[in-house]
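Chemist: File follows, input.cif with mmCIF, C-alpha atoms and all ligand atoms:
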```cif
data_model
loop_
_atom_site.label_atom_id
_atom_site.label_comp_id
_atom_site.auth_asym_id
_atom_site.auth_seq_id
_atom_site.Cartn_x
_atom_site.Cartn_y
_atom_site.Cartn_z
CA MET A 16 -3.44 33.20 13.94
CA THR A 17 -0.14 31.93 15.31
CA HIS A 18 3.33 32.80 14.07
CA GLY A 19 4.69 29.29 14.18
CA LYS A 20 5.81 27.05 11.36
CA LEU A 21 4.68 23.72 10.05
CA LEU A 22 7.83 21.56 10.12
CA ALA A 23 8.18 17.95 8.99
CA LEU A 24 10.42 14.91 9.02
CA SER A 25 10.15 11.16 8.59
CA ASP A 26 12.20 7.97 8.77
CA GLN A 27 14.01 8.72 12.00
CA HIS A 28 14.75 5.00 12.51
CA VAL A 29 15.78 5.64 16.11
CA ALA A 30 17.13 2.12 16.66
CA HIS A 31 20.32 3.56 15.14
CA ALA A 32 22.26 5.40 17.87
CA GLU A 33 23.24 8.25 15.56
CA ASN A 34 19.63 8.76 14.52
CA ARG A 35 18.60 8.73 18.17
CA ARG A 36 21.00 11.60 18.72
CA ILE A 37 19.46 13.48 15.78
CA THR A 38 16.03 13.03 17.38
CA GLU A 39 17.39 14.34 20.70
CA SER A 40 18.75 17.41 18.91
CA LEU A 41 15.42 18.42 17.33
CA ARG A 42 14.03 21.67 18.64
CA PRO A 43 11.33 24.01 17.39
CA GLU A 44 12.29 27.49 16.24
CA SER A 45 9.39 29.01 18.14
CA GLU A 46 6.97 27.79 20.77
CA ASP A 47 4.17 27.72 18.19
CA ASP A 48 5.84 25.31 15.73
CA TRP A 49 4.05 22.10 14.78
CA LEU A 50 5.90 18.94 13.74
CA LEU A 51 4.59 16.49 11.15
CA VAL A 52 6.12 13.01 11.58
CA ALA A 53 5.53 10.94 8.43
CA GLY A 54 6.34 7.49 9.75
CA ASP A 55 9.23 5.09 10.37
CA VAL A 56 10.06 6.56 13.77
CA GLY A 57 11.29 3.09 14.70
CA GLU A 58 10.31 -0.54 15.08
CA LYS A 59 10.14 -1.35 18.78
CA PHE A 60 7.10 -0.02 20.59
CA GLU A 61 9.23 1.46 23.39
CA ASP A 62 11.51 3.27 20.90
CA ILE A 63 8.55 4.81 19.08
CA ALA A 64 7.01 5.96 22.37
CA TRP A 65 10.36 7.42 23.50
CA ALA A 66 10.75 9.53 20.34
CA LEU A 67 7.17 10.75 20.18
CA LYS A 68 7.15 11.65 23.89
CA LEU A 69 10.33 13.70 23.50
CA LEU A 70 8.96 15.53 20.45
CA SER A 71 5.54 16.09 22.01
CA GLU A 72 7.21 17.88 24.93
CA ARG A 73 9.07 20.26 22.62
CA PHE A 74 6.65 21.08 19.78
CA SER A 75 3.36 22.85 20.16
CA GLN A 76 1.61 20.03 18.29
CA VAL A 77 2.97 16.75 16.90
CA VAL A 78 1.03 14.99 14.13
CA TRP A 79 1.98 11.39 13.32
CA ALA A 80 1.22 9.06 10.42
CA PRO A 81 2.48 5.48 10.75
CA GLY A 82 5.22 4.03 8.58
CA ASN A 83 5.65 0.39 7.77
CA HIS A 84 8.34 0.02 10.45
CA GLU A 85 6.00 1.05 13.28
CA LEU A 86 3.67 -1.71 12.11
CA TRP A 87 6.27 -4.45 12.22
CA THR A 88 6.18 -6.98 15.03
CA PRO A 89 9.92 -7.48 15.55
CA PRO A 90 10.76 -10.81 17.23
CA SER A 91 12.81 -8.97 19.89
CA ASP A 92 9.95 -6.62 20.90
CA PRO A 93 8.21 -7.48 24.19
CA VAL A 94 5.08 -5.90 22.65
CA THR A 95 3.89 -8.78 20.48
CA LEU A 96 0.73 -7.16 19.06
CA ARG A 97 0.19 -7.62 15.33
CA GLY A 98 -1.57 -5.72 12.56
CA VAL A 99 -4.63 -3.68 13.47
CA ALA A 100 -4.16 -4.38 17.21
CA ARG A 101 -0.63 -2.97 17.03
CA TYR A 102 -1.79 0.10 15.12
CA GLU A 103 -4.56 0.71 17.66
CA ALA A 104 -2.08 0.41 20.54
CA LEU A 105 0.18 2.98 18.82
CA VAL A 106 -2.80 5.33 18.43
CA GLU A 107 -3.64 4.88 22.11
CA MET A 108 -0.04 5.64 23.09
CA CYS A 109 -0.13 8.80 20.93
CA ARG A 110 -3.37 9.94 22.57
CA GLY A 111 -1.65 9.70 25.96
CA LEU A 112 1.02 12.08 24.66
CA GLY A 113 -1.33 14.51 22.88
CA VAL A 114 0.08 13.44 19.50
CA LEU A 115 -2.54 13.52 16.72
CA THR A 116 -2.98 10.41 14.53
CA PRO A 117 -5.06 9.43 11.46
CA GLU A 118 -7.81 8.40 13.92
CA ASP A 119 -8.32 11.92 15.30
CA PRO A 120 -10.31 14.84 13.83
CA TYR A 121 -8.02 16.59 11.34
CA PRO A 122 -6.61 19.76 12.92
CA VAL A 123 -6.62 23.13 11.18
CA TRP A 124 -3.35 25.08 11.12
CA HIS A 125 -3.78 28.84 11.21
CA GLY A 126 -0.18 29.98 10.87
CA GLY A 127 -0.20 30.98 7.21
CA GLU A 128 -2.06 33.29 4.87
CA ALA A 129 -5.01 30.91 4.79
CA PRO A 130 -5.99 28.12 7.21
CA VAL A 131 -5.13 24.59 6.07
CA THR A 132 -6.44 21.25 7.25
CA VAL A 133 -3.60 18.95 8.26
CA ALA A 134 -4.53 15.34 7.51
CA PRO A 135 -2.29 12.51 8.73
CA LEU A 136 -3.13 9.47 6.61
CA PHE A 137 -2.67 5.74 6.96
CA VAL A 138 -3.41 4.00 3.66
CA LEU A 139 -0.53 1.46 3.32
CA TYR A 140 0.15 -0.12 -0.11
CA ASP A 141 -1.44 -2.75 -2.31
CA TYR A 142 1.39 -3.79 -4.70
CA SER A 143 -0.27 -1.86 -7.56
CA PHE A 144 2.96 0.04 -8.33
CA PHE A 145 3.83 -3.10 -10.31
CA ALA A 146 7.40 -4.13 -11.07
CA PRO A 147 8.44 -3.31 -14.67
CA GLY A 148 6.98 -5.71 -17.21
CA THR A 149 4.31 -7.08 -14.87
CA GLY A 150 0.57 -6.42 -14.55
CA THR A 151 -0.63 -8.29 -11.48
CA LYS A 152 0.34 -8.48 -7.81
CA GLU A 153 1.38 -12.10 -8.22
CA GLU A 154 3.67 -11.40 -11.20
CA SER A 155 5.11 -8.34 -9.54
CA LEU A 156 5.93 -10.23 -6.32
CA ARG A 157 7.44 -13.09 -8.35
CA VAL A 158 9.80 -10.69 -10.12
CA ALA A 159 10.79 -9.17 -6.78
CA HIS A 160 11.56 -12.57 -5.28
CA GLN A 161 13.57 -13.55 -8.39
CA SER A 162 15.66 -10.37 -8.16
CA GLY A 163 16.10 -10.66 -4.37
CA VAL A 164 14.50 -7.24 -3.71
CA VAL A 165 11.82 -8.14 -1.16
CA CYS A 166 10.61 -5.74 1.52
CA THR A 167 10.99 -6.98 5.12
CA ASP A 168 7.29 -6.16 5.54
CA GLU A 169 6.58 -9.53 3.92
CA PHE A 170 7.92 -11.15 7.12
CA LEU A 171 7.23 -8.64 9.90
CA LEU A 172 4.21 -6.49 8.91
CA HIS A 173 1.24 -8.71 9.72
CA PRO A 174 -2.16 -7.59 8.39
CA ASP A 175 -4.28 -9.37 11.08
CA PRO A 176 -7.23 -9.64 11.07
CA TYR A 177 -7.19 -8.79 7.36
CA PRO A 178 -6.19 -11.64 5.03
CA SER A 179 -3.48 -9.55 3.33
CA ARG A 180 -1.69 -6.20 3.47
CA ASP A 181 -3.48 -5.14 0.27
CA ALA A 182 -6.87 -5.95 1.82
CA TRP A 183 -5.93 -3.79 4.82
CA CYS A 184 -4.86 -1.06 2.38
CA ARG A 185 -8.18 -1.12 0.51
CA ALA A 186 -10.13 -0.83 3.77
CA ARG A 187 -7.96 2.12 4.82
CA VAL A 188 -8.40 3.81 1.43
CA THR A 189 -12.19 3.56 1.69
CA LEU A 190 -12.45 5.03 5.16
CA THR A 191 -9.77 7.69 4.54
CA GLU A 192 -11.48 8.82 1.35
CA GLU A 193 -14.69 9.40 3.33
CA ARG A 194 -12.83 11.39 5.98
CA LEU A 195 -11.11 13.59 3.38
CA ALA A 196 -14.32 14.17 1.45
CA ALA A 197 -15.83 15.60 4.65
CA VAL A 198 -13.11 18.25 5.11
CA ASP A 199 -14.40 21.82 4.94
CA PRO A 200 -14.10 22.66 1.21
CA ARG A 201 -13.00 26.23 2.01
CA TYR A 202 -9.68 24.87 3.26
CA GLY A 203 -6.67 23.59 1.40
CA THR A 204 -4.96 20.55 2.91
CA VAL A 205 -1.55 19.29 3.90
CA LEU A 206 -1.68 15.53 3.37
CA VAL A 207 0.82 13.60 5.50
CA ASN A 208 1.36 9.98 4.50
CA HIS A 209 4.29 7.60 4.78
CA TYR A 210 3.99 6.81 1.05
CA PRO A 211 3.97 9.31 -1.80
CA LEU A 212 0.25 9.00 -2.91
CA VAL A 213 1.37 9.13 -6.58
CA ARG A 214 3.73 6.72 -8.29
CA GLU A 215 6.08 9.22 -9.99
CA PRO A 216 8.47 9.73 -7.04
CA THR A 217 9.24 5.99 -7.04
CA ARG A 218 10.61 6.13 -10.62
CA VAL A 219 14.04 7.05 -9.26
CA LEU A 220 14.32 3.99 -7.00
CA ARG A 221 17.54 2.08 -7.59
CA HIS A 222 15.50 -1.14 -7.49
CA PRO A 223 12.24 -0.53 -9.37
CA GLU A 224 10.82 -3.80 -7.99
CA PHE A 225 10.64 -2.09 -4.59
CA ALA A 226 7.93 0.35 -5.78
CA GLN A 227 5.19 -2.22 -5.06
CA TRP A 228 5.79 -1.60 -1.32
CA CYS A 229 5.58 2.18 -1.76
CA GLY A 230 1.91 3.06 -2.20
CA THR A 231 -1.23 2.44 -4.18
CA GLU A 232 -2.72 3.63 -7.47
CA LEU A 233 -5.96 4.18 -5.51
CA THR A 234 -4.64 7.51 -4.17
CA ALA A 235 -3.35 8.85 -7.52
CA ASP A 236 -5.77 11.81 -7.67
CA TRP A 237 -6.07 12.60 -3.96
CA HIS A 238 -3.76 15.62 -4.11
CA ARG A 239 -6.11 17.21 -6.70
CA ARG A 240 -9.41 15.95 -5.30
CA PHE A 241 -8.67 16.99 -1.75
CA ARG A 242 -7.09 20.41 -2.48
CA ALA A 243 -3.58 19.61 -1.29
CA VAL A 244 -1.29 22.58 -0.83
CA THR A 245 1.53 20.15 -0.06
CA VAL A 246 1.86 16.38 0.24
CA VAL A 247 4.40 15.31 2.89
CA TYR A 248 5.80 11.78 2.65
CA GLY A 249 8.85 9.66 3.36
CA HIS A 250 9.67 5.95 3.06
CA LEU A 251 11.81 6.26 -0.09
CA HIS A 252 14.79 7.69 1.83
CA ILE A 253 15.29 10.07 -1.10
CA PRO A 254 14.75 13.55 0.38
CA ARG A 255 13.65 16.02 -2.29
CA VAL A 256 10.82 18.22 -3.56
CA THR A 257 8.84 17.49 -6.71
CA ALA A 258 5.64 18.85 -8.25
CA HIS A 259 2.76 16.77 -9.61
CA ASP A 260 -0.17 18.56 -11.26
CA GLY A 261 1.27 21.73 -9.78
CA VAL A 262 1.13 20.37 -6.20
CA ARG A 263 4.27 20.34 -4.10
CA PHE A 264 5.36 16.91 -2.82
CA GLU A 265 8.02 16.88 -0.08
CA GLU A 266 9.98 13.72 0.75
CA VAL A 267 11.22 14.57 4.25
CA SER A 268 13.13 11.45 5.30
CA ILE A 269 16.24 11.37 7.47
CA GLY A 270 17.07 7.76 6.52
CA TYR A 271 19.78 5.45 7.79
CA PRO A 272 23.20 6.82 8.87
CA ARG A 273 24.89 5.29 5.82
CA GLU A 274 22.44 7.25 3.66
CA TRP A 275 22.53 10.68 5.30
CA ARG A 276 26.28 10.57 5.87
CA SER A 277 26.81 10.57 2.10
CA ARG A 278 24.60 13.66 1.56
CA PRO A 279 25.41 17.32 2.09
CA SER A 280 24.55 18.20 5.68
CA ARG A 281 21.19 19.89 6.14
CA SER A 282 18.64 20.49 8.85
CA PRO A 283 16.68 17.31 9.63
CA LEU A 284 13.54 19.48 9.85
CA ARG A 285 11.85 20.58 6.61
CA GLN A 286 9.78 23.77 6.67
CA ILE A 287 6.48 23.06 4.92
CA LEU A 288 4.54 26.25 5.71
CA PRO A 289 4.89 29.15 5.45
CA ARG A 290 6.61 28.12 2.22
CA PRO A 291 10.27 29.16 2.43
CA ALA A 292 11.12 31.96 -0.02
CA SER A 293 13.95 29.87 -1.51
CA GLY A 294 11.72 26.82 -1.87
CA HIS A 295 11.46 25.35 -5.33
CA ALA A 296 9.97 22.25 -6.84
CA GLY A 297 11.75 20.19 -9.42
FE FE B 1 12.20 4.34 6.41
FE FE B 2 9.10 3.02 5.33
#
```
I need this file expressed as C-alpha cells, please.
Ligand SMILES: [Fe+2]
Ligand SMILES: [Fe+2]

Modeler:
Amino acid sequence: MTHGKLLALSDQHVAHAENRRITESLRPESEDDWLLVAGDVGEKFEDIAWALKLLSERFSQVVWAPGNHELWTPPSDPVTLRGVARYEALVEMCRGLGVLTPEDPYPVWHGGEAPVTVAPLFVLYDYSFFAPGTGTKEESLRVAHQSGVVCTDEFLLHPDPYPSRDAWCRARVTLTEERLAAVDPRYGTVLVNHYPLVREPTRVLRHPEFAQWCGTELTADWHRRFRAVTVVYGHLHIPRVTAHDGVRFEEVSIGYPREWRSRPSRSPLRQILPRPASGHAG
C-alpha cells in the first residue's frame, strides 16, 4: 500500500500559453501520487508529447485517455497521421514515456482502503445524445448545422479507416466492454474517459445541440455494471461533481483561459482518491 493520491485533470489545451504555464506548474503532493489525464491535452502531436513527458517525469504514474483534440489532424501539424493511425502513434509515444493508455493492462491502485482498478477508456461518441426534438443522427446533425453549433471534429477528427466517427465509436465500445468485463470482480473501478459515459451531465450545456459530440448511450450503465467508485471525465469544460445512481462523476477540466479566468481560482488538480473529507456530490 502506498500513501499517494489519485489526482486528475483534463482539457489542458496547452496550445494556449497560459494553459502551458498551468501545466508547467503542476506538481504532485507526494512522490507516490498518480495523475489521471482525461484528454484534450492539446492538438499538435509535439505539444501533447511535451505535456505528457513533463507530467510523466513528476508523477509516480500518469494514466491518459484521449480527447477529441488529440485525435484531430490540424493542418499546421507536421504529423499528418489520421484516425486510428494517429491514435496508435499517440499510444506508442505514451509507451516511450511510461504513460499508461487504454491499450495497456488496467493498473490497480493500492493507495486507499481497498484496491481499485484504474481504467482509461477510449470510446468516442456516436451522436446518440440527440439534439432536442430529434431522434436520428441525421436529424440531430441537421439541427446542429441549422443552429450553427457544429463541433470542429466534423472537419479535423478523421475516423480512417472506419467509415464514420460513430462506426469507430461502436468498435471501441465493443472491445472496451470486453476489457472491462474481464476486470477482477473483487475490485471497484475508477473509469477515466474524455466523455461523461451518461448523458445527464450534458443537460447543462449552453447549446444542447452540442451534446451529440459528448458521448454515447451505449455506455449508460457502465458505471453500475463495472463497479465504478468514481467516473472521471472532461470535455464539457464545466468542472463539477455530480452523482448518478449513487456513483460520483467528476468533471475535471481546466478549459480555455477565457473560461477559467471567470471562475473562482482553484487547484487545477482534482483529488479523486482518497476521497477528500469535504467532497460532496450534487
Ligand atoms: Fe476540451
Ligand atoms: Fe474535448

Chemist: Could you give me, as a list in words, every polymer residue with an atom at most 10 Å away from an atom of ligand FE 2 (chain B), counting only C-alpha atoms and all ligand atoms?

Modeler: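 I would give the residues around ligand FE 2 (chain B) as Ser25, Asp26, His28, Ala53, Gly54, Asp55, Val56, Gly57, Pro81, Gly82, Asn83, His84, Glu85, Leu86, Leu139, Cys166, Asp168, His209, Tyr210, Trp228, Cys229, Tyr248, Gly249, His250, Leu251, His252, Ser268 and Gly270 of chain A.
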
Chemist: Find the residue from A:Glu46, A:Glu154, A:Glu61, A:Glu266 that sits nearest to ligand FE 1 (chain B); use only C-alpha atoms and all ligand atoms when measuring.

Modeler: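 For ligand FE 1 (chain B), the nearest of the given residues is A:Glu266.
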
Chemist: With distances taken over only C-alpha atoms and all ligand atoms, which residue among A:Glu153, A:Asp175, A:Glu224, A:Glu274 lies nearest ligand FE 1 (chain B)?

Modeler: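 With only C-alpha atoms and all ligand atoms as the atom set, the closest residue is A:Glu274.
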
Chemist: Can you work out which one of A:Asp260, A:Met108, A:His125, A:Ile269 has the shortest atom-to-atom distance to ligand FE 1 (chain B), counting only C-alpha atoms and all ligand atoms?

Modeler: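 Among A:Asp260, A:Met108, A:His125, A:Ile269, it is A:Ile269 that comes nearest to ligand FE 1 (chain B).
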
Chemist: Using all atoms listed in the file, can you tell me which of A:Val123, A:Val267, A:Ile287, A:Val246 comes closest to ligand FE 1 (chain B)?

Modeler: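 Among the listed residues, the smallest separation from ligand FE 1 (chain B) belongs to A:Val267.
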
Chemist: Select, from A:Leu105, A:Leu220, A:Leu206, A:Ile253, the residue with the minimum atom-to-atom distance to ligand FE 1 (chain B), counting all atoms listed in the file.

Modeler: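 Comparing A:Leu105, A:Leu220, A:Leu206, A:Ile253 against ligand FE 1 (chain B), the winner is A:Ile253.
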
Chemist: Could you tell me which of A:Tyr140, A:Tyr202, A:Trp183, A:Pro291 comes closest to Thr234 (chain A) if we count only C-alpha atoms?

Modeler: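 Using only C-alpha atoms, the shortest distance to Thr234 (chain A) belongs to A:Tyr140.
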
Chemist: Do you have the CA of Val188 (chain A)-CA of Pro174 (chain A) distance handy?

Modeler: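 Computing the Euclidean distance for CA of Val188 (chain A) and CA of Pro174 (chain A) yields 14.7 Å.
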
Chemist: One decimal, Å: what's the distance from CA of Pro223 (chain A) over to CA of Thr167 (chain A), could you say?

Modeler: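 Pair CA of Pro223 (chain A) / CA of Thr167 (chain A) returns 15.9 Å.
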
Chemist: What is the distance between CA of Leu112 (chain A) and CA of Leu69 (chain A), in Å to one decimal?

Modeler: 9.5 Å

Chemist: Do you know which residues are at most 7 Å from Leu171 (chain A) counting all atoms listed in the file, after dropping those on the same chain fewer than 6 positions away, and could you put them as a list in words?

Modeler: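 Within the cut-off, the hits are Trp87, Thr88 and Pro89 of chain A.
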
Chemist: Skipping near chain neighbours, those fewer than 3 positions away, what residues fall within 12 Å of Ala196 (chain A) using all atoms listed in the file, listed as a ChimeraX atom specification?

Modeler: /A:121,134,188-193,199-200,202,204,237,239-242

Chemist: Pick out the residues sitting within 8 Å of Trp79 (chain A), and hand them over as an mmCIF file with C-alpha atoms, in the coordinates of the input; count all atoms listed in the file, and ignore anything fewer than 2 positions along from it in its own chain.

Modeler:
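Result saved to out39.cif:
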```cif
data_model
loop_
_atom_site.group_PDB
_atom_site.id
_atom_site.type_symbol
_atom_site.label_atom_id
_atom_site.label_comp_id
_atom_site.auth_asym_id
_atom_site.auth_seq_id
_atom_site.Cartn_x
_atom_site.Cartn_y
_atom_site.Cartn_z
ATOM 1 C CA LEU A 51 4.590 16.490 11.150
ATOM 2 C CA VAL A 52 6.120 13.010 11.580
ATOM 3 C CA ALA A 53 5.530 10.940 8.430
ATOM 4 C CA GLY A 54 6.340 7.490 9.750
ATOM 5 C CA VAL A 77 2.970 16.750 16.900
ATOM 6 C CA PRO A 81 2.480 5.480 10.750
ATOM 7 C CA VAL A 114 0.080 13.440 19.500
ATOM 8 C CA LEU A 115 -2.540 13.520 16.720
ATOM 9 C CA THR A 116 -2.980 10.410 14.530
ATOM 10 C CA PRO A 117 -5.060 9.430 11.460
ATOM 11 C CA PRO A 135 -2.290 12.510 8.730
#
```

Chemist: Residues within 10 Å of (3.5, 9.1, -6.0), file coordinates, counting only C-alpha atoms: what are they? Give the list as a PDB file with C-alpha atoms, in the frame of the given file.

Modeler:
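What landed in result_36.pdb:
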```pdb
ATOM      1  CA  PHE A 144       2.960   0.040  -8.330  1.00  0.00           C
ATOM      2  CA  TYR A 210       3.990   6.810   1.050  1.00  0.00           C
ATOM      3  CA  PRO A 211       3.970   9.310  -1.800  1.00  0.00           C
ATOM      4  CA  LEU A 212       0.250   9.000  -2.910  1.00  0.00           C
ATOM      5  CA  VAL A 213       1.370   9.130  -6.580  1.00  0.00           C
ATOM      6  CA  ARG A 214       3.730   6.720  -8.290  1.00  0.00           C
ATOM      7  CA  GLU A 215       6.080   9.220  -9.990  1.00  0.00           C
ATOM      8  CA  PRO A 216       8.470   9.730  -7.040  1.00  0.00           C
ATOM      9  CA  THR A 217       9.240   5.990  -7.040  1.00  0.00           C
ATOM     10  CA  ARG A 218      10.610   6.130 -10.620  1.00  0.00           C
ATOM     11  CA  ALA A 226       7.930   0.350  -5.780  1.00  0.00           C
ATOM     12  CA  CYS A 229       5.580   2.180  -1.760  1.00  0.00           C
ATOM     13  CA  GLY A 230       1.910   3.060  -2.200  1.00  0.00           C
ATOM     14  CA  THR A 231      -1.230   2.440  -4.180  1.00  0.00           C
ATOM     15  CA  GLU A 232      -2.720   3.630  -7.470  1.00  0.00           C
ATOM     16  CA  THR A 234      -4.640   7.510  -4.170  1.00  0.00           C
ATOM     17  CA  ALA A 235      -3.350   8.850  -7.520  1.00  0.00           C
ATOM     18  CA  ASP A 236      -5.770  11.810  -7.670  1.00  0.00           C
ATOM     19  CA  HIS A 238      -3.760  15.620  -4.110  1.00  0.00           C
ATOM     20  CA  VAL A 246       1.860  16.380   0.240  1.00  0.00           C
ATOM     21  CA  TYR A 248       5.800  11.780   2.650  1.00  0.00           C
ATOM     22  CA  THR A 257       8.840  17.490  -6.710  1.00  0.00           C
ATOM     23  CA  HIS A 259       2.760  16.770  -9.610  1.00  0.00           C
ATOM     24  CA  PHE A 264       5.360  16.910  -2.820  1.00  0.00           C
TER      25      PHE A 264
END
```
